[in-house]
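This report refers to the structure that appears directly beneath it.
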Amino acid sequence: MRIDCRERKRVCVWGVGRAEEREREEEEGGPVGWGMEGGLAMLRQLIGEFEELLELYHRSPPHSYLHLQSHSQLLQPPPHYQHSTSDVAFDFDAISELVPHVMQCDILQPRGIRLCFISLDDKPGEDGCCNIIMRAGKPGNFKMVEPSNKPPPAKKSRKENNRGRLPDATCSTETMEHQIWKEFPEDLFEAVIARLPVASFFRFRSVCSKWNSMLTSHSFSQQCAQLPQTQPWFYTIAHENVSTGAMYDPTLKKWHHPTIPSLPTKLIVLPVASAGGLVCFLDSGHRSFYVCNPLTRSFKELPARSVKVWSRVAVGMTLNGESSTGGYKILWVSCDGEYEVYDSMKNYWTRPGNMPPSITVPLDLSFGSQAVSIGGTLYFMRYDPDGIISYNMVSGVWQQFIIPAPLDLSDHTLAECGGRVLLVGLLTKNAATCVCIWELQKMTLLWTEVDRMPNVWCLEFYGKHVRMTCLGNKGLLLLSLRSRQMNRLVTYDVVSREWVKVPGSVLPRGKKRQWIAGGTAFHPCLAASA
Amino acid sequence: MASSIENNNEKLTLKSSDGEEFLVEKHVALQSTLLQNMLDSDCSSADVIPLPKIDARTLALVLGYCKKHADASSSKQGELNSFDSEFLKDMDMGALFNLVLAANFMEIKGLLDIAAQKIADTIKDKPHQEVREIFHVENDYTPEEEAAVREENRWAFEGFP
């Protein structure tokens with residue numbers, strides 16, 4: 001039972017060390033310094049004991065590993081184990097599930113596997129016992145506890161050394177050993193690059209021409225297609241600078257400012273719809289449509305419409321298939337019931353027919369609200385009578401649903417999530433204003449409130465005349481709320497019902513009184529081409 | 001104690017590059033497409049399947065992953081997801097590198113996916129010049145070309161020198 005004694009002794013010594021450190025930290029108001037003569041002697045002794053202990057376990061059959069493990073749990077936090085034949089340490093917690101399988105369940109039976117341990121791995125923060133070792137010991141001390149015949153590579157020592165100097169730095173898994181990665185297989189690059197954040201991917205196009213050309217590589221597109229879709233981004237234009245678009249990435253909470261050189265600069269061009277990573281723009285004179293991928297500058301001006309309608313139009317966009325490679329369709333509809341559909345595969349506008357008499361004309365369309373698409377059907381919000389009109393892009397069928405709007409509602413837009421039709425708007429009663437979310441009850445054709453902005457945020461709007469612009473209509477919404485002296489940007493996640501404040505400025509040079517004048521959500525898609 | 005458990009499941013023995021042998025249940029091994037193909041084509045008639053490119057430390061990790069996924073295939077996906085996110089969490093880059101090579105060689109797609117994601121997460125915030133150095137990628141741009149590519153993707157460089 002020598003092992004047990006040693007174990008207890010070790011725990012004891014370490015326990016003292018940690019307490020001592022805490023005391024010192026309290027006295028000095030900071031971490032323990034390097035010059036601890038007594039501590040060093042103690043540690044040397046400790047390391048010597050460690051070695052002996054290692055020897056013991058070296059000879060022990062695997063089950064004693066478990067024995068050790070149970071004792072080790074006396075130490076808080078648990079130490080980290082390391083295999084003898086590797087210079088690599090790993091977190092005990094992370095493999096705690098697998099180790100018992102390896103050792104206990106007779107599923108993986110390493111024959112003659114030499115197991116030993118090391119508990120000197122880096123662990124940030126409150127891991128006092130490790131920190132003492134890290135601070136007082138030289139890198140050489142690590143070699144003493146390395147039971148391997150192979151000396152640890154110099155790079156490892158350097159890394160440990162760095163950590164020793166910066167003991168309070170968080171665990172640096174960021175360090176990449178340059179020599180190893182030289183051997184990284186070519187064919188795995190696409191899998192890694194496809195998993196980069198969108199902005200990093202575009203930045204890394206500067207690495208070499210091969211990384212640059214991945215954008216158009218078929219195999220790379222296939223890699224990307226296998227990955228789950230990320231949150232949508234928002235393409236916005238700001239009130240005071242409509243010629244400069246800004247993209248918001250809600251995952252990284254970051255604004256980007258793309259340049260789309262082909263977009264006309266003399267006209268005001270508004271983003272009006274999106275599908276499959278492509279954004280559809282319409283100039284403010286309602287004459288020309290443009291489609292582009294704001295990430296890649298892939299750009300197209302659509303042919304002129306056959307019907308000369310210069311009045312305001314509502315626009316919707318859908319994909320023919322799962323992605324933009326199967327083509328897309330764009331619909332415009334005007335207040336007098338004129339409409340046309342553009343098909344990118346044919347590259348012309350068609351007028352499929354007339355609106356049925358069941359649709360009340362003139363259409364009082366809500367131009368502030370973008371069309372919502374569910375499957376191949378577009379939904380537009382209308383007033384007088386209040387409700388929704390829908391158009392099926394495949395069958396060409398129009399429908400109208402009369403739905404009474406909630407009272408005291410303003411600045412409302414349609415949204416959609418998983419087939420549910422939602423209404424987002426401002427509810428104002430007396431001097432209090434709140435952002436509310438309603439869901440359409442398809443059986444009764446009534447709006448039912450499902451969520452509202454937290455009260456503490458709504459208090460800001462009290463007594464103010466608030467206006468709201470809602471961008472995006474699927475899953476994630478970007479709300480721009482403003483009054484005379486206030487300008488707030490908030491995202492609302494329809495699934496998780498989370499309200500999150502949006503940081504930073506829309507414009508590159510932070511101007512005052514900037515707010516979002518218009519925009520659309522789009523799914524960032526590297527391969528989408530106009 | 002562990003060895004006393006009787007198990008009638010078919011097992012195979014894998015041998016790491018450094019000569020250690022691992023006894024693995026067949027359904028665990030089937031997580032690897034390579035081993036699956038070997039078993040299908042009856043190449044496994046030999047007692048021991050050598051995996052000459054994978055050391056024992058890495059193989060133990062790989063088999064830990066396979067074991068979890070083989071046993072949990074019918075259980076909750078959420079549990080597997082949290083296992084996956086913990087699996088590589090504190091792993092250093094050397095171990096990760098070996099794991100990627102092993103997952104690639106043994107054709108374990110799920111493991112390759114999470115390892116690729118981990119590498120992507122590690123390099124995502126680094127300057128492109130450093131990424132070039134890490135992977136020893138030769139810069140085949142002329143200075144003019146490089147400037148042009150950068151200009152084309154200027155929006156992505158915001159916040160980078």
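Each chain in the structure tokens gets a letter, A, B, ..., in the order shown, and its residues are numbered from 1; ligands are numbered from 1 in order too.
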
Can you list every residue of chain B that has an atom at most 7 Å from chain A, with its nearest atom pair and the distance in Å to one decimal, using only C-alpha atoms, ordered by chain then number, as a Markdown table?
| residue | atom | partner | partner_atom | distance |
| --- | --- | --- | --- | --- |
| B:Ala2 | CA | A:Gln104 | CA | 4.3 |
| B:Ser3 | CA | A:Asp106 | CA | 5.6 |
| B:Glu20 | CA | A:Ile113 | CA | 6.4 |
| B:Glu21 | CA | A:Pro110 | CA | 5.4 |
| B:Phe22 | CA | A:Pro110 | CA | 4.5 |
| B:Leu23 | CA | A:Gln109 | CA | 5.0 |
| B:Val24 | CA | A:Leu108 | CA | 5.1 |
| B:Glu25 | CA | A:Ile107 | CA | 6.1 |
| B:Arg57 | CA | A:His83 | CA | 6.4 |
| B:Gly64 | CA | A:Leu98 | CA | 5.1 |
| B:Glu86 | CA | A:Ala94 | CA | 5.5 |
| B:Phe87 | CA | A:Ala94 | CA | 5.4 |
| B:Asp90 | CA | A:Asp91 | CA | 5.9 |
| B:Met91 | CA | A:Phe90 | CA | 5.5 |
| B:Asp92 | CA | A:Thr173 | CA | 5.5 |
| B:Met93 | CA | A:Met176 | CA | 6.0 |
| B:Gly94 | CA | A:Val88 | CA | 6.9 |
| B:Ala95 | CA | A:Val88 | CA | 6.1 |
| B:Ala116 | CA | A:Val192 | CA | 4.7 |
| B:Gln117 | CA | A:Arg195 | CA | 5.7 |
| B:Ile119 | CA | A:Val192 | CA | 6.6 |
| B:Ala120 | CA | A:Leu196 | CA | 5.3 |
| B:Asp121 | CA | A:Leu196 | CA | 6.8 |
| B:Thr122 | CA | A:Glu174 | CA | 5.6 |
| B:Lys124 | CA | A:Ser200 | CA | 5.7 |
| B:His128 | CA | A:Phe204 | CA | 5.4 |
| B:Gln129 | CA | A:Val207 | CA | 6.7 |
| B:Arg132 | CA | A:Val207 | CA | 5.8 |
| B:Ile134 | CA | A:His178 | CA | 4.7 |
| B:Phe135 | CA | A:Lys182 | CA | 5.0 |
| B:His136 | CA | A:Lys182 | CA | 5.4 |
| B:Glu138 | CA | A:Cys208 | CA | 6.9 |
| B:Asn139 | CA | A:Cys208 | CA | 5.1 |
| B:Asp140 | CA | A:Cys208 | CA | 5.8 |
| B:Tyr141 | CA | A:Cys208 | CA | 6.4 |
| B:Glu146 | CA | A:Ser206 | CA | 6.2 |
| B:Val149 | CA | A:Ser206 | CA | 6.1 |
| B:Arg150 | CA | A:Ser206 | CA | 6.1 |
| B:Asn153 | CA | A:Phe202 | CA | 6.0 |
| B:Trp155 | CA | A:Pro258 | CA | 4.9 |
| B:Ala156 | CA | A:Ala199 | CA | 4.9 |
| B:Phe157 | CA | A:Arg203 | CA | 6.0 |

Item to complete: From segment 13-132 of chain B, collect each residue whose DSSP state is helix (DSSP H, G or I) and return the set as an NGL selection string.
Response: :B and (26-29 or 33-40 or 43-45 or 56-72 or 77-87 or 93-106 or 109-123 or 128-132)

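For Ala102 of chain B, the set of protein, DNA and RNA residues having any atom at most 9 Å away, when counting only C-alpha atoms and skipping those fewer than 3 positions along the same chain, is Lys53, Ile54, Asp55, Thr58, Leu59, Val62, Phe97, Asn98, Leu99, Phe105, Met106, Glu107, Ile108 and Leu112 of chain B.
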
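For the pair atom CA of Leu459 of chain A and atom CA of Val494 of chain A, the interatomic distance is 21.9 Å.
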
Worksheet item: Can you tell me, as a ChimeraX atom specification, what residues are no more than 12 Å from segment 435-438 of chain A when counting only C-alpha atoms, ignoring any on the same chain fewer than 6 positions away?
Response: /A:405-417,420-429,445-461,466-470,477,479-481,490-494,497,499

DSSP on the backbone, then: every residue of chain B marked strand (DSSP E or B), written as a PDB file with all heavy atoms, in the first residue's frame.
ATOM      1  N   LYS B  11     -14.890  -9.559 -32.101  1.00  0.00           N
ATOM      2  CA  LYS B  11     -13.907  -8.499 -31.868  1.00  0.00           C
ATOM      3  C   LYS B  11     -12.779  -8.599 -32.876  1.00  0.00           C
ATOM      4  O   LYS B  11     -12.539  -9.671 -33.436  1.00  0.00           O
ATOM      5  CB  LYS B  11     -13.326  -8.609 -30.455  1.00  0.00           C
ATOM      6  CG  LYS B  11     -14.344  -8.287 -29.383  1.00  0.00           C
ATOM      7  CD  LYS B  11     -13.739  -8.356 -28.017  1.00  0.00           C
ATOM      8  CE  LYS B  11     -14.793  -8.082 -26.964  1.00  0.00           C
ATOM      9  NZ  LYS B  11     -14.271  -8.142 -25.626  1.00  0.00           N
ATOM     10  N   LEU B  12     -12.125  -7.485 -33.088  1.00  0.00           N
ATOM     11  CA  LEU B  12     -10.925  -7.535 -33.902  1.00  0.00           C
ATOM     12  C   LEU B  12      -9.805  -6.794 -33.197  1.00  0.00           C
ATOM     13  O   LEU B  12     -10.055  -5.979 -32.310  1.00  0.00           O
ATOM     14  CB  LEU B  12     -11.133  -6.990 -35.314  1.00  0.00           C
ATOM     15  CG  LEU B  12     -12.111  -5.875 -35.549  1.00  0.00           C
ATOM     16  CD1 LEU B  12     -11.566  -4.924 -36.569  1.00  0.00           C
ATOM     17  CD2 LEU B  12     -13.387  -6.517 -36.072  1.00  0.00           C
ATOM     18  N   THR B  13      -8.618  -7.099 -33.626  1.00  0.00           N
ATOM     19  CA  THR B  13      -7.461  -6.499 -32.978  1.00  0.00           C
ATOM     20  C   THR B  13      -6.793  -5.537 -33.952  1.00  0.00           C
ATOM     21  O   THR B  13      -6.513  -5.900 -35.094  1.00  0.00           O
ATOM     22  CB  THR B  13      -6.463  -7.587 -32.562  1.00  0.00           C
ATOM     23  OG1 THR B  13      -7.159  -8.528 -31.758  1.00  0.00           O
ATOM     24  CG2 THR B  13      -5.313  -6.986 -31.775  1.00  0.00           C
ATOM     25  N   LEU B  14      -6.590  -4.335 -33.473  1.00  0.00           N
ATOM     26  CA  LEU B  14      -5.909  -3.321 -34.271  1.00  0.00           C
ATOM     27  C   LEU B  14      -4.537  -3.083 -33.654  1.00  0.00           C
ATOM     28  O   LEU B  14      -4.395  -3.060 -32.436  1.00  0.00           O
ATOM     29  CB  LEU B  14      -6.708  -2.012 -34.273  1.00  0.00           C
ATOM     30  CG  LEU B  14      -8.181  -2.104 -34.658  1.00  0.00           C
ATOM     31  CD1 LEU B  14      -8.840  -0.737 -34.572  1.00  0.00           C
ATOM     32  CD2 LEU B  14      -8.334  -2.673 -36.072  1.00  0.00           C
ATOM     33  N   LYS B  15      -3.580  -2.895 -34.530  1.00  0.00           N
ATOM     34  CA  LYS B  15      -2.222  -2.695 -34.034  1.00  0.00           C
ATOM     35  C   LYS B  15      -1.722  -1.325 -34.468  1.00  0.00           C
ATOM     36  O   LYS B  15      -1.747  -0.985 -35.650  1.00  0.00           O
ATOM     37  CB  LYS B  15      -1.312  -3.791 -34.579  1.00  0.00           C
ATOM     38  CG  LYS B  15       0.076  -3.789 -33.955  1.00  0.00           C
ATOM     39  CD  LYS B  15       0.839  -5.003 -34.441  1.00  0.00           C
ATOM     40  CE  LYS B  15       2.224  -5.042 -33.859  1.00  0.00           C
ATOM     41  NZ  LYS B  15       2.951  -6.228 -34.344  1.00  0.00           N
ATOM     42  N   GLU B  21      -1.505  -3.197 -29.254  1.00  0.00           N
ATOM     43  CA  GLU B  21      -2.682  -3.843 -29.837  1.00  0.00           C
ATOM     44  C   GLU B  21      -3.927  -3.461 -29.065  1.00  0.00           C
ATOM     45  O   GLU B  21      -3.926  -3.367 -27.845  1.00  0.00           O
ATOM     46  CB  GLU B  21      -2.481  -5.355 -29.852  1.00  0.00           C
ATOM     47  CG  GLU B  21      -1.360  -5.744 -30.796  1.00  0.00           C
ATOM     48  CD  GLU B  21      -1.205  -7.248 -30.929  1.00  0.00           C
ATOM     49  OE1 GLU B  21      -1.938  -7.984 -30.233  1.00  0.00           O
ATOM     50  OE2 GLU B  21      -0.350  -7.675 -31.704  1.00  0.00           O
ATOM     51  N   PHE B  22      -4.977  -3.247 -29.801  1.00  0.00           N
ATOM     52  CA  PHE B  22      -6.257  -2.859 -29.218  1.00  0.00           C
ATOM     53  C   PHE B  22      -7.314  -3.862 -29.663  1.00  0.00           C
ATOM     54  O   PHE B  22      -7.468  -4.112 -30.863  1.00  0.00           O
ATOM     55  CB  PHE B  22      -6.669  -1.462 -29.700  1.00  0.00           C
ATOM     56  CG  PHE B  22      -5.788  -0.355 -29.198  1.00  0.00           C
ATOM     57  CD1 PHE B  22      -4.519  -0.159 -29.726  1.00  0.00           C
ATOM     58  CD2 PHE B  22      -6.233   0.499 -28.201  1.00  0.00           C
ATOM     59  CE1 PHE B  22      -3.709   0.866 -29.268  1.00  0.00           C
ATOM     60  CE2 PHE B  22      -5.425   1.517 -27.736  1.00  0.00           C
ATOM     61  CZ  PHE B  22      -4.158   1.708 -28.264  1.00  0.00           C
ATOM     62  N   LEU B  23      -8.028  -4.403 -28.695  1.00  0.00           N
ATOM     63  CA  LEU B  23      -9.120  -5.318 -28.990  1.00  0.00           C
ATOM     64  C   LEU B  23     -10.399  -4.491 -29.087  1.00  0.00           C
ATOM     65  O   LEU B  23     -10.758  -3.790 -28.142  1.00  0.00           O
ATOM     66  CB  LEU B  23      -9.233  -6.354 -27.876  1.00  0.00           C
ATOM     67  CG  LEU B  23     -10.024  -7.618 -28.180  1.00  0.00           C
ATOM     68  CD1 LEU B  23      -9.435  -8.364 -29.366  1.00  0.00           C
ATOM     69  CD2 LEU B  23     -10.052  -8.511 -26.949  1.00  0.00           C
ATOM     70  N   VAL B  24     -11.048  -4.555 -30.232  1.00  0.00           N
ATOM     71  CA  VAL B  24     -12.178  -3.663 -30.486  1.00  0.00           C
ATOM     72  C   VAL B  24     -13.389  -4.479 -30.902  1.00  0.00           C
ATOM     73  O   VAL B  24     -13.274  -5.406 -31.706  1.00  0.00           O
ATOM     74  CB  VAL B  24     -11.840  -2.670 -31.623  1.00  0.00           C
ATOM     75  CG1 VAL B  24     -12.928  -1.635 -31.763  1.00  0.00           C
ATOM     76  CG2 VAL B  24     -10.512  -1.995 -31.367  1.00  0.00           C
ATOM     77  N   GLU B  25     -14.541  -4.109 -30.367  1.00  0.00           N
ATOM     78  CA  GLU B  25     -15.780  -4.741 -30.815  1.00  0.00           C
ATOM     79  C   GLU B  25     -16.034  -4.356 -32.265  1.00  0.00           C
ATOM     80  O   GLU B  25     -15.747  -3.232 -32.674  1.00  0.00           O
ATOM     81  CB  GLU B  25     -16.947  -4.263 -29.953  1.00  0.00           C
ATOM     82  CG  GLU B  25     -16.978  -4.921 -28.587  1.00  0.00           C
ATOM     83  CD  GLU B  25     -18.075  -4.341 -27.707  1.00  0.00           C
ATOM     84  OE1 GLU B  25     -18.518  -3.206 -27.977  1.00  0.00           O
ATOM     85  OE2 GLU B  25     -18.479  -5.014 -26.765  1.00  0.00           O
ATOM     86  N   VAL B  48      -4.583  -9.784 -36.680  1.00  0.00           N
ATOM     87  CA  VAL B  48      -4.326  -8.408 -36.272  1.00  0.00           C
ATOM     88  C   VAL B  48      -4.340  -7.512 -37.504  1.00  0.00           C
ATOM     89  O   VAL B  48      -3.728  -7.827 -38.518  1.00  0.00           O
ATOM     90  CB  VAL B  48      -2.949  -8.314 -35.577  1.00  0.00           C
ATOM     91  CG1 VAL B  48      -2.638  -6.866 -35.218  1.00  0.00           C
ATOM     92  CG2 VAL B  48      -2.921  -9.199 -34.347  1.00  0.00           C
ATOM     93  N   ILE B  49      -5.084  -6.422 -37.403  1.00  0.00           N
ATOM     94  CA  ILE B  49      -5.078  -5.438 -38.492  1.00  0.00           C
ATOM     95  C   ILE B  49      -4.064  -4.354 -38.142  1.00  0.00           C
ATOM     96  O   ILE B  49      -4.245  -3.629 -37.162  1.00  0.00           O
ATOM     97  CB  ILE B  49      -6.472  -4.794 -38.680  1.00  0.00           C
ATOM     98  CG1 ILE B  49      -7.507  -5.883 -39.001  1.00  0.00           C
ATOM     99  CG2 ILE B  49      -6.436  -3.730 -39.764  1.00  0.00           C
ATOM    100  CD1 ILE B  49      -8.931  -5.380 -39.052  1.00  0.00           C
ATOM    101  N   PRO B  50      -3.003  -4.247 -38.914  1.00  0.00           N
ATOM    102  CA  PRO B  50      -2.017  -3.215 -38.593  1.00  0.00           C
ATOM    103  C   PRO B  50      -2.459  -1.848 -39.125  1.00  0.00           C
ATOM    104  O   PRO B  50      -3.002  -1.761 -40.232  1.00  0.00           O
ATOM    105  CB  PRO B  50      -0.757  -3.707 -39.322  1.00  0.00           C
ATOM    106  CG  PRO B  50      -1.249  -4.591 -40.407  1.00  0.00           C
ATOM    107  CD  PRO B  50      -2.644  -5.034 -40.089  1.00  0.00           C
TER     108      PRO B  50
END

What's the 10 Å shell around Gln229 of chain A, counting only C-alpha atoms, without same-chain residues fewer than 6 positions away, as a PDB file with N, CA, C and O atoms, in the first residue's frame?
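So the final result, stored in around-v6.pdb, reads:
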ATOM      1  N   HIS A 523     -28.659  34.572 -46.799  1.00  0.00           N
ATOM      2  CA  HIS A 523     -27.778  33.534 -46.278  1.00  0.00           C
ATOM      3  C   HIS A 523     -26.445  33.626 -47.001  1.00  0.00           C
ATOM      4  O   HIS A 523     -26.400  33.444 -48.215  1.00  0.00           O
ATOM      5  N   PRO A 524     -25.368  33.945 -46.273  1.00  0.00           N
ATOM      6  CA  PRO A 524     -24.086  34.084 -46.971  1.00  0.00           C
ATOM      7  C   PRO A 524     -23.746  32.780 -47.679  1.00  0.00           C
ATOM      8  O   PRO A 524     -23.704  31.723 -47.060  1.00  0.00           O
ATOM      9  N   CYS A 525     -23.564  32.864 -48.970  1.00  0.00           N
ATOM     10  CA  CYS A 525     -23.319  31.659 -49.760  1.00  0.00           C
ATOM     11  C   CYS A 525     -22.173  31.960 -50.713  1.00  0.00           C
ATOM     12  O   CYS A 525     -22.269  32.859 -51.545  1.00  0.00           O
TER      13      CYS A 525
END

Item to complete: Compile the contact shell of Gln399 of chain A as an MDAnalysis selection string: residues with an atom at most 8 Å away, counting only C-alpha atoms, same-chain residues fewer than 4 positions apart removed.
Response: chainID A and resid 358:359 389:391

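Rounded to one decimal, atom CA of Gln485 of chain A and atom CA of Lys464 of chain A lie 9.1 Å from each other.
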
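Distance-wise, atom CA of Glu301 of chain A and atom CA of Gln223 of chain A end up 29.5 Å apart.
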
Item to complete: Quick one: everything within 12 Å of Ser82 of chain B, counting only C-alpha atoms, minus sequence neighbours fewer than 5 positions away in the same chain. Send it as a PyMOL selection string.
Response: (chain A and resi 94+97) or (chain B and resi 68-69+76-77+87-89+114)

Just the selected residues (N, CA and C atoms), exported as a PDB file, in the first residue's frame, please.
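Output contents, as saved in selection.pdb:
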ATOM      1  N   ALA A  94     -12.107  15.705 -20.718  1.00  0.00           N
ATOM      2  CA  ALA A  94     -12.554  15.484 -22.085  1.00  0.00           C
ATOM      3  C   ALA A  94     -12.595  14.005 -22.419  1.00  0.00           C
ATOM      4  N   GLU A  97     -14.936  10.072 -20.304  1.00  0.00           N
ATOM      5  CA  GLU A  97     -15.935   9.135 -20.764  1.00  0.00           C
ATOM      6  C   GLU A  97     -15.300   7.942 -21.450  1.00  0.00           C
TER       7      GLU A  97
ATOM      8  N   LYS B  68     -18.064   5.731 -28.581  1.00  0.00           N
ATOM      9  CA  LYS B  68     -19.168   6.602 -28.169  1.00  0.00           C
ATOM     10  C   LYS B  68     -20.221   6.678 -29.257  1.00  0.00           C
ATOM     11  N   HIS B  69     -19.756   6.847 -30.499  1.00  0.00           N
ATOM     12  CA  HIS B  69     -20.709   7.010 -31.589  1.00  0.00           C
ATOM     13  C   HIS B  69     -21.383   5.702 -31.959  1.00  0.00           C
ATOM     14  N   LYS B  76     -29.694   9.799 -28.017  1.00  0.00           N
ATOM     15  CA  LYS B  76     -29.917  11.224 -28.293  1.00  0.00           C
ATOM     16  C   LYS B  76     -28.756  11.851 -29.064  1.00  0.00           C
ATOM     17  N   GLN B  77     -29.114  12.645 -30.062  1.00  0.00           N
ATOM     18  CA  GLN B  77     -28.121  13.350 -30.861  1.00  0.00           C
ATOM     19  C   GLN B  77     -27.460  14.447 -30.026  1.00  0.00           C
ATOM     20  N   PHE B  87     -14.808  16.690 -26.989  1.00  0.00           N
ATOM     21  CA  PHE B  87     -13.776  15.728 -27.367  1.00  0.00           C
ATOM     22  C   PHE B  87     -12.464  16.404 -27.743  1.00  0.00           C
ATOM     23  N   LEU B  88     -12.565  17.498 -28.494  1.00  0.00           N
ATOM     24  CA  LEU B  88     -11.344  18.154 -28.984  1.00  0.00           C
ATOM     25  C   LEU B  88     -11.030  19.426 -28.220  1.00  0.00           C
ATOM     26  N   LYS B  89     -11.830  19.708 -27.217  1.00  0.00           N
ATOM     27  CA  LYS B  89     -11.816  21.031 -26.599  1.00  0.00           C
ATOM     28  C   LYS B  89     -10.406  21.473 -26.179  1.00  0.00           C
ATOM     29  N   ILE B 114     -15.316  17.101 -37.247  1.00  0.00           N
ATOM     30  CA  ILE B 114     -15.107  17.937 -36.051  1.00  0.00           C
ATOM     31  C   ILE B 114     -13.644  18.383 -35.950  1.00  0.00           C
TER      32      ILE B 114
END
